[in-house]
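Peer 1: For reference, the structure I am asking about is given below.
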Amino acid sequence: MNRAEQVIKLHLRNKLTWFYVPWIILAANFLINMIIASSLNLGETMHTGAISSIFVYTFVIGTITLKETFPFAVGLSIRRKDYFFGTVWTALIINGLSALILTVLSVIEGATNGWGVRLNLFKVAFLSDVSVISTLGIYLILLLNMYFLGFAISSIHRRFGRTGLYIFFTTLLLIGTLVSLYLTHFSLWGDLILGGIAHHYLELFWWMVPVTAVYLAAAYGLLRRASV
């Protein structure tokens, strides 16, 4: 059997983490928001960001994947290269399925006028003019970006330990502080948010593709030298 296929099967054995928990969380959010939307005045539309829970959870899965499976896989004499590519394929399969389900739910939500109670949960407001295929692509990009961000951060910890994480997050904090000071000093926040993000937010999703590729390259390089 191909070693990468072994890794995929290894991951998919944990159905609770990969399949059940994220959709249980999202279903609970949906039911709560349905109850709230049903109590609103007739004609009032409710917009909610509850769909973000599945993206946050996907990031969490990315951070715990290595801890849960990497030492075990290496103990089975699976090469780090095979582990990496098996994990990438698993993430593509699971997140591709999740993106498809989210897209279908958004279409149903739009066709039923928000499940009959004018609830917008799966059909995000700023994606209302986007085609179904583009919506599927955006959801997939977001899910993969969140997963591999968490995976890359976990790879830093696997390679360099806590010290590496402290240095990484300290560096991010310093960079963020310097950028914030620069934007504040030259009063560029308004131009950035109103002139940039507000009018070109869809392009930001597609820019996540090369960013995700950077996460993958970093994780691959780190895992090649990571200790068990």
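Numbering starts fresh at 1 for the residues of each chain in the structure tokens, the chains themselves are lettered A, B, ... in the order given, and ligands are numbered from 1 as they appear.
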Applying 9 Å and only C-alpha atoms, which residues near segment 62-66 of chain A remain after dropping the ones on its own chain fewer than 2 positions away? List them as a PyMOL selection string.

Peer 2: chain A and resi 11+57-60+68-71+87+91+146-155+158

Peer 1: Write to file, as a JSON list (two decimals), in the first residue's frame, the residues of the selection just made, with N, CA and C atoms.

Peer 2:
```json
[["chain", "number", "residue", "atom", "x", "y", "z"],
["A", 11, "HIS", "N", -5.60, 9.36, 9.31],
["A", 11, "HIS", "CA", -6.34, 10.56, 9.68],
["A", 11, "HIS", "C", -7.85, 10.30, 9.72],
["A", 57, "TYR", "N", -12.64, 26.29, 13.68],
["A", 57, "TYR", "CA", -12.38, 24.90, 14.06],
["A", 57, "TYR", "C", -11.39, 24.24, 13.10],
["A", 58, "THR", "N", -11.47, 24.59, 11.82],
["A", 58, "THR", "CA", -10.53, 24.05, 10.85],
["A", 58, "THR", "C", -9.10, 24.46, 11.19],
["A", 59, "PHE", "N", -8.93, 25.70, 11.65],
["A", 59, "PHE", "CA", -7.61, 26.14, 12.11],
["A", 59, "PHE", "C", -7.15, 25.30, 13.30],
["A", 60, "VAL", "N", -8.07, 25.02, 14.21],
["A", 60, "VAL", "CA", -7.73, 24.22, 15.39],
["A", 60, "VAL", "C", -7.30, 22.82, 14.97],
["A", 68, "GLU", "N", -1.32, 14.74, 17.19],
["A", 68, "GLU", "CA", -2.12, 13.52, 17.29],
["A", 68, "GLU", "C", -1.58, 12.37, 16.44],
["A", 69, "THR", "N", -0.94, 12.67, 15.31],
["A", 69, "THR", "CA", -0.63, 11.60, 14.36],
["A", 69, "THR", "C", 0.83, 11.50, 13.92],
["A", 70, "PHE", "N", 1.60, 12.58, 14.01],
["A", 70, "PHE", "CA", 2.96, 12.56, 13.46],
["A", 70, "PHE", "C", 3.87, 11.54, 14.16],
["A", 71, "PRO", "N", 3.96, 11.54, 15.49],
["A", 71, "PRO", "CA", 4.84, 10.55, 16.14],
["A", 71, "PRO", "C", 4.41, 9.11, 15.84],
["A", 87, "THR", "N", -1.22, 13.95, 4.55],
["A", 87, "THR", "CA", -1.98, 14.94, 5.31],
["A", 87, "THR", "C", -2.57, 16.00, 4.39],
["A", 91, "ALA", "N", -6.55, 16.83, 3.95],
["A", 91, "ALA", "CA", -7.10, 18.18, 4.11],
["A", 91, "ALA", "C", -7.88, 18.60, 2.87],
["A", 146, "MET", "N", -7.00, 28.29, 6.47],
["A", 146, "MET", "CA", -7.05, 28.17, 7.92],
["A", 146, "MET", "C", -6.38, 26.88, 8.39],
["A", 147, "TYR", "N", -6.65, 25.78, 7.67],
["A", 147, "TYR", "CA", -6.06, 24.51, 8.09],
["A", 147, "TYR", "C", -4.54, 24.55, 7.99],
["A", 148, "PHE", "N", -4.02, 24.98, 6.86],
["A", 148, "PHE", "CA", -2.57, 24.94, 6.66],
["A", 148, "PHE", "C", -1.85, 26.03, 7.44],
["A", 149, "LEU", "N", -2.55, 27.09, 7.82],
["A", 149, "LEU", "CA", -1.95, 28.05, 8.75],
["A", 149, "LEU", "C", -1.70, 27.38, 10.09],
["A", 150, "GLY", "N", -2.73, 26.69, 10.58],
["A", 150, "GLY", "CA", -2.56, 25.96, 11.84],
["A", 150, "GLY", "C", -1.51, 24.87, 11.73],
["A", 151, "PHE", "N", -1.47, 24.19, 10.59],
["A", 151, "PHE", "CA", -0.50, 23.12, 10.37],
["A", 151, "PHE", "C", 0.93, 23.66, 10.34],
["A", 152, "ALA", "N", 1.12, 24.82, 9.70],
["A", 152, "ALA", "CA", 2.44, 25.44, 9.63],
["A", 152, "ALA", "C", 2.91, 25.89, 11.01],
["A", 153, "ILE", "N", 2.00, 26.49, 11.78],
["A", 153, "ILE", "CA", 2.36, 26.92, 13.14],
["A", 153, "ILE", "C", 2.74, 25.71, 14.00],
["A", 154, "SER", "N", 1.97, 24.64, 13.86],
["A", 154, "SER", "CA", 2.29, 23.42, 14.61],
["A", 154, "SER", "C", 3.62, 22.84, 14.17],
["A", 155, "SER", "N", 3.96, 23.00, 12.89],
["A", 155, "SER", "CA", 5.25, 22.52, 12.37],
["A", 155, "SER", "C", 6.41, 23.28, 12.99],
["A", 158, "ARG", "N", 6.89, 21.73, 16.29],
["A", 158, "ARG", "CA", 7.48, 20.40, 16.17],
["A", 158, "ARG", "C", 8.97, 20.48, 15.87]]
```

Peer 1: Can you list, as a VMD selection string, every protein, DNA or RNA residue that comes within 12 Å of segment 160-171 of chain A when you count only C-alpha atoms, leaving out same-chain residues fewer than 4 positions away?

Peer 2: chain A and resid 152 to 156 175 to 178 222 to 223 225 to 228

Peer 1: Limited to all heavy atoms, could you put the picked residues into a file as an mmCIF file, in the first residue's frame?

Peer 2:
```cif
data_model
loop_
_atom_site.group_PDB
_atom_site.id
_atom_site.type_symbol
_atom_site.label_atom_id
_atom_site.label_comp_id
_atom_site.auth_asym_id
_atom_site.auth_seq_id
_atom_site.Cartn_x
_atom_site.Cartn_y
_atom_site.Cartn_z
ATOM 1 N N ALA A 152 1.115 24.825 9.699
ATOM 2 C CA ALA A 152 2.443 25.436 9.632
ATOM 3 C C ALA A 152 2.913 25.892 11.015
ATOM 4 O O ALA A 152 4.082 25.697 11.381
ATOM 5 C CB ALA A 152 2.431 26.620 8.663
ATOM 6 N N ILE A 153 2.004 26.489 11.781
ATOM 7 C CA ILE A 153 2.359 26.918 13.136
ATOM 8 C C ILE A 153 2.740 25.711 13.998
ATOM 9 O O ILE A 153 3.725 25.745 14.748
ATOM 10 C CB ILE A 153 1.199 27.700 13.774
ATOM 11 C CG1 ILE A 153 1.001 29.040 13.058
ATOM 12 C CG2 ILE A 153 1.445 27.936 15.269
ATOM 13 C CD1 ILE A 153 -0.222 29.808 13.512
ATOM 14 N N SER A 154 1.970 24.639 13.863
ATOM 15 C CA SER A 154 2.285 23.421 14.611
ATOM 16 C C SER A 154 3.625 22.836 14.166
ATOM 17 O O SER A 154 4.363 22.259 14.976
ATOM 18 C CB SER A 154 1.169 22.389 14.400
ATOM 19 O OG SER A 154 1.396 21.235 15.167
ATOM 20 N N SER A 155 3.964 23.001 12.887
ATOM 21 C CA SER A 155 5.248 22.515 12.374
ATOM 22 C C SER A 155 6.414 23.278 12.985
ATOM 23 O O SER A 155 7.487 22.703 13.228
ATOM 24 C CB SER A 155 5.282 22.639 10.847
ATOM 25 O OG SER A 155 4.275 21.849 10.243
ATOM 26 N N ILE A 156 6.214 24.568 13.236
ATOM 27 C CA ILE A 156 7.246 25.360 13.909
ATOM 28 C C ILE A 156 7.511 24.788 15.303
ATOM 29 O O ILE A 156 8.661 24.622 15.723
ATOM 30 C CB ILE A 156 6.827 26.839 14.009
ATOM 31 C CG1 ILE A 156 6.738 27.463 12.613
ATOM 32 C CG2 ILE A 156 7.811 27.629 14.870
ATOM 33 C CD1 ILE A 156 6.167 28.868 12.605
ATOM 34 N N ILE A 175 6.125 43.081 14.032
ATOM 35 C CA ILE A 175 5.781 43.511 12.665
ATOM 36 C C ILE A 175 4.414 44.181 12.642
ATOM 37 O O ILE A 175 4.229 45.243 12.036
ATOM 38 C CB ILE A 175 5.817 42.313 11.701
ATOM 39 C CG1 ILE A 175 7.246 41.794 11.547
ATOM 40 C CG2 ILE A 175 5.246 42.710 10.336
ATOM 41 C CD1 ILE A 175 7.342 40.521 10.728
ATOM 42 N N GLY A 176 3.438 43.554 13.323
ATOM 43 C CA GLY A 176 2.101 44.134 13.381
ATOM 44 C C GLY A 176 2.090 45.498 14.041
ATOM 45 O O GLY A 176 1.393 46.420 13.593
ATOM 46 N N THR A 177 2.885 45.650 15.103
ATOM 47 C CA THR A 177 2.961 46.933 15.800
ATOM 48 C C THR A 177 3.566 48.014 14.911
ATOM 49 O O THR A 177 3.069 49.142 14.844
ATOM 50 C CB THR A 177 3.802 46.791 17.082
ATOM 51 O OG1 THR A 177 3.211 45.806 17.934
ATOM 52 C CG2 THR A 177 3.890 48.110 17.822
ATOM 53 N N LEU A 178 4.644 47.665 14.207
ATOM 54 C CA LEU A 178 5.298 48.638 13.321
ATOM 55 C C LEU A 178 4.378 49.052 12.176
ATOM 56 O O LEU A 178 4.296 50.243 11.831
ATOM 57 C CB LEU A 178 6.592 48.039 12.766
ATOM 58 C CG LEU A 178 7.736 47.844 13.772
ATOM 59 C CD1 LEU A 178 8.896 47.110 13.131
ATOM 60 C CD2 LEU A 178 8.201 49.190 14.321
ATOM 61 N N LEU A 222 9.971 22.303 7.440
ATOM 62 C CA LEU A 222 10.120 22.105 8.880
ATOM 63 C C LEU A 222 9.989 20.634 9.266
ATOM 64 O O LEU A 222 10.749 20.126 10.098
ATOM 65 C CB LEU A 222 9.088 22.947 9.624
ATOM 66 C CG LEU A 222 9.296 24.466 9.586
ATOM 67 C CD1 LEU A 222 8.045 25.195 10.052
ATOM 68 C CD2 LEU A 222 10.492 24.866 10.442
ATOM 69 N N LEU A 223 9.020 19.951 8.658
ATOM 70 C CA LEU A 223 8.789 18.553 9.021
ATOM 71 C C LEU A 223 9.916 17.640 8.559
ATOM 72 O O LEU A 223 10.155 16.596 9.148
ATOM 73 C CB LEU A 223 7.453 18.075 8.433
ATOM 74 C CG LEU A 223 6.189 18.584 9.107
ATOM 75 C CD1 LEU A 223 4.950 17.985 8.450
ATOM 76 C CD2 LEU A 223 6.199 18.267 10.595
ATOM 77 N N ARG A 225 12.888 18.065 8.946
ATOM 78 C CA ARG A 225 13.949 18.061 9.963
ATOM 79 C C ARG A 225 13.399 17.985 11.386
ATOM 80 O O ARG A 225 14.138 18.163 12.339
ATOM 81 C CB ARG A 225 14.809 19.328 9.816
ATOM 82 C CG ARG A 225 15.532 19.429 8.474
ATOM 83 C CD ARG A 225 16.287 20.732 8.373
ATOM 84 N NE ARG A 225 17.047 20.811 7.136
ATOM 85 C CZ ARG A 225 18.263 20.324 6.933
ATOM 86 N NH1 ARG A 225 18.886 19.715 7.938
ATOM 87 N NH2 ARG A 225 18.895 20.444 5.778
ATOM 88 N N ALA A 226 12.090 17.752 11.491
ATOM 89 C CA ALA A 226 11.477 17.749 12.804
ATOM 90 C C ALA A 226 11.773 16.455 13.558
ATOM 91 O O ALA A 226 11.895 15.381 12.973
ATOM 92 C CB ALA A 226 9.956 17.917 12.674
ATOM 93 N N SER A 227 11.897 16.592 14.866
ATOM 94 C CA SER A 227 12.076 15.404 15.703
ATOM 95 C C SER A 227 10.707 14.823 16.043
ATOM 96 O O SER A 227 9.681 15.493 15.965
ATOM 97 C CB SER A 227 12.812 15.772 16.990
ATOM 98 O OG SER A 227 12.071 16.736 17.727
ATOM 99 N N VAL A 228 10.709 13.580 16.443
ATOM 100 C CA VAL A 228 9.465 12.923 16.795
ATOM 101 C C VAL A 228 9.044 13.284 18.220
ATOM 102 O O VAL A 228 7.909 13.516 18.505
ATOM 103 C CB VAL A 228 9.594 11.396 16.668
ATOM 104 C CG1 VAL A 228 8.311 10.710 17.100
ATOM 105 C CG2 VAL A 228 9.972 11.029 15.247
#
```

Peer 1: Residues at most 9 Å from Trp89 of chain A, counting only C-alpha atoms, excluding those fewer than 3 positions away in the same chain, as a list in words?

Peer 2: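 Counting only C-alpha atoms, the residues come to Ala4, Glu5, Ile8, Phe84, Phe85, Gly86, Leu92, Ile93 and Ile94 of chain A.
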
Peer 1: Of the residues A:Ile32, A:Ala125, A:Leu143, A:Ile24, which is the one nearest to Val209 of chain A, using only C-alpha atoms?

Peer 2: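 Counting only C-alpha atoms, the residue closest to Val209 of chain A is A:Leu143.
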
Peer 1: What's the 8 Å shell around Leu26 of chain A, counting only C-alpha atoms, without same-chain residues fewer than 4 positions away, as a PyMOL selection string?

Peer 2: chain A and resi 22+30+50-51+53-54

Peer 1: Could you please take those selected residues and save N, CA and C atoms as a PDB file, in the first residue's frame?

Peer 2:
```
ATOM      1  N   PRO A  22     -16.998  19.515  13.958  1.00  0.00           N
ATOM      2  CA  PRO A  22     -17.250  20.807  13.310  1.00  0.00           C
ATOM      3  C   PRO A  22     -18.692  21.005  12.886  1.00  0.00           C
ATOM      4  N   PHE A  30     -26.624  26.967  14.125  1.00  0.00           N
ATOM      5  CA  PHE A  30     -27.755  27.135  13.219  1.00  0.00           C
ATOM      6  C   PHE A  30     -29.087  27.082  13.973  1.00  0.00           C
ATOM      7  N   ALA A  50     -22.172  33.163  12.329  1.00  0.00           N
ATOM      8  CA  ALA A  50     -21.980  31.858  12.959  1.00  0.00           C
ATOM      9  C   ALA A  50     -21.226  30.881  12.070  1.00  0.00           C
ATOM     10  N   ILE A  51     -21.250  31.102  10.752  1.00  0.00           N
ATOM     11  CA  ILE A  51     -20.538  30.207   9.844  1.00  0.00           C
ATOM     12  C   ILE A  51     -19.030  30.233  10.099  1.00  0.00           C
ATOM     13  N   SER A  53     -17.553  29.698  12.693  1.00  0.00           N
ATOM     14  CA  SER A  53     -17.148  28.658  13.647  1.00  0.00           C
ATOM     15  C   SER A  53     -16.442  27.499  12.956  1.00  0.00           C
ATOM     16  N   ILE A  54     -16.879  27.137  11.759  1.00  0.00           N
ATOM     17  CA  ILE A  54     -16.259  26.005  11.072  1.00  0.00           C
ATOM     18  C   ILE A  54     -14.863  26.364  10.564  1.00  0.00           C
TER      19      ILE A  54
END
```

Peer 1: Between atom CA of Leu40 of chain A and atom CA of Arg118 of chain A, what is the distance, to one decimal in Å?

Peer 2: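 One can read the atom CA of Leu40 of chain A to atom CA of Arg118 of chain A distance as 9.4 Å.
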
Peer 1: So that I can check the surroundings of Thr45 of chain A, please list as a PyMOL selection string every protein, DNA and RNA residue that reaches within 12 Å of it, counting only C-alpha atoms and ignoring chain neighbours fewer than 2 positions away.

Peer 2: chain A and resi 33-34+36-43+47-48+113-121+125

Peer 1: Restricting it to N, CA, C and O atoms, dump the selection as a compact mmCIF listing (two decimals), in the first residue's frame.

Peer 2:
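Contents of part21.txt, as written:
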```txt
# COMPACT_ATOMS: atom_id res chain seq x y z
N ASN A 33 -29.59 30.23 16.10
CA ASN A 33 -29.94 31.39 15.28
C ASN A 33 -31.31 31.26 14.64
O ASN A 33 -31.99 32.26 14.40
N MET A 34 -31.73 30.02 14.34
CA MET A 34 -33.08 29.80 13.82
C MET A 34 -34.13 30.22 14.84
O MET A 34 -35.13 30.86 14.51
N ILE A 36 -33.73 32.39 17.27
CA ILE A 36 -33.69 33.85 17.41
C ILE A 36 -34.37 34.51 16.22
O ILE A 36 -35.18 35.44 16.38
N ALA A 37 -34.08 34.02 15.00
CA ALA A 37 -34.66 34.61 13.80
C ALA A 37 -36.17 34.44 13.78
O ALA A 37 -36.90 35.31 13.29
N SER A 38 -36.67 33.33 14.30
CA SER A 38 -38.11 33.07 14.32
C SER A 38 -38.85 34.04 15.23
O SER A 38 -40.06 34.25 15.08
N SER A 39 -38.13 34.60 16.20
CA SER A 39 -38.77 35.52 17.15
C SER A 39 -38.72 36.98 16.71
O SER A 39 -39.28 37.85 17.37
N LEU A 40 -38.05 37.25 15.58
CA LEU A 40 -37.95 38.62 15.10
C LEU A 40 -39.24 39.06 14.44
O LEU A 40 -40.10 38.25 14.09
N ASN A 41 -39.34 40.38 14.25
CA ASN A 41 -40.52 40.92 13.60
C ASN A 41 -40.59 40.45 12.14
O ASN A 41 -39.57 40.23 11.50
N LEU A 42 -41.79 40.31 11.63
CA LEU A 42 -42.00 39.87 10.26
C LEU A 42 -41.32 40.82 9.29
O LEU A 42 -41.49 42.03 9.38
N GLY A 43 -40.55 40.28 8.38
CA GLY A 43 -39.87 41.10 7.38
C GLY A 43 -38.47 41.52 7.79
O GLY A 43 -37.72 42.06 6.98
N HIS A 47 -28.71 38.72 9.95
CA HIS A 47 -27.39 38.34 9.44
C HIS A 47 -26.53 37.88 10.61
O HIS A 47 -26.47 38.56 11.64
N THR A 48 -25.90 36.74 10.46
CA THR A 48 -25.08 36.21 11.54
C THR A 48 -23.75 35.71 11.01
O THR A 48 -23.66 35.25 9.87
N ASN A 113 -35.57 31.79 1.10
CA ASN A 113 -35.68 33.08 1.81
C ASN A 113 -35.21 32.95 3.25
O ASN A 113 -35.91 33.36 4.19
N GLY A 114 -34.04 32.38 3.40
CA GLY A 114 -33.46 32.24 4.74
C GLY A 114 -34.20 31.25 5.61
O GLY A 114 -34.51 31.55 6.76
N TRP A 115 -34.48 30.05 5.04
CA TRP A 115 -35.17 28.98 5.76
C TRP A 115 -36.55 29.39 6.23
O TRP A 115 -37.08 28.86 7.21
N GLY A 116 -37.13 30.35 5.52
CA GLY A 116 -38.48 30.81 5.84
C GLY A 116 -38.54 31.83 6.96
O GLY A 116 -39.63 32.35 7.27
N VAL A 117 -37.41 32.16 7.56
CA VAL A 117 -37.40 33.12 8.67
C VAL A 117 -36.42 34.26 8.41
O VAL A 117 -36.04 34.98 9.33
N ARG A 118 -35.96 34.37 7.13
CA ARG A 118 -35.05 35.44 6.72
C ARG A 118 -33.74 35.41 7.53
O ARG A 118 -33.24 36.44 7.98
N LEU A 119 -33.19 34.21 7.67
CA LEU A 119 -31.91 34.03 8.37
C LEU A 119 -30.80 33.86 7.34
O LEU A 119 -30.84 32.96 6.52
N ASN A 120 -29.80 34.72 7.41
CA ASN A 120 -28.63 34.60 6.55
C ASN A 120 -27.45 34.10 7.38
O ASN A 120 -26.81 34.87 8.09
N LEU A 121 -27.20 32.81 7.28
CA LEU A 121 -26.09 32.21 8.01
C LEU A 121 -25.06 31.63 7.06
O LEU A 121 -23.87 31.93 7.15
N ALA A 125 -23.45 37.88 3.34
CA ALA A 125 -23.98 39.05 2.65
C ALA A 125 -23.07 39.55 1.52
O ALA A 125 -23.54 39.82 0.41
```

Peer 1: With only C-alpha atoms as the atoms that count, which of A:Ser134, A:Asn29, A:His157, A:Met46 lies nearest to Lys67 of chain A?

Peer 2: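 Checking each candidate against Lys67 of chain A, we get A:His157 as the closest.
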
Peer 1: Which is closer to Leu97 of chain A than all the others in A:Phe19, A:Asp129, A:Arg159, A:Asp82, using only C-alpha atoms?

Peer 2: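 Ranking A:Phe19, A:Asp129, A:Arg159, A:Asp82 by distance to Leu97 of chain A, first place goes to A:Phe19.
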
Peer 1: Report, in Å to a single decimal, how far apart atom CA of Ile141 of chain A and atom CA of Tyr215 of chain A are.

Peer 2: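 Pair atom CA of Tyr215 of chain A / atom CA of Ile141 of chain A returns 12.9 Å.
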
Peer 1: Just give me the gap between atom CA of Val88 of chain A and atom CA of Leu136 of chain A in Å, one decimal is fine.

Peer 2: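 Separating atom CA of Val88 of chain A from atom CA of Leu136 of chain A is a distance of 19.0 Å.
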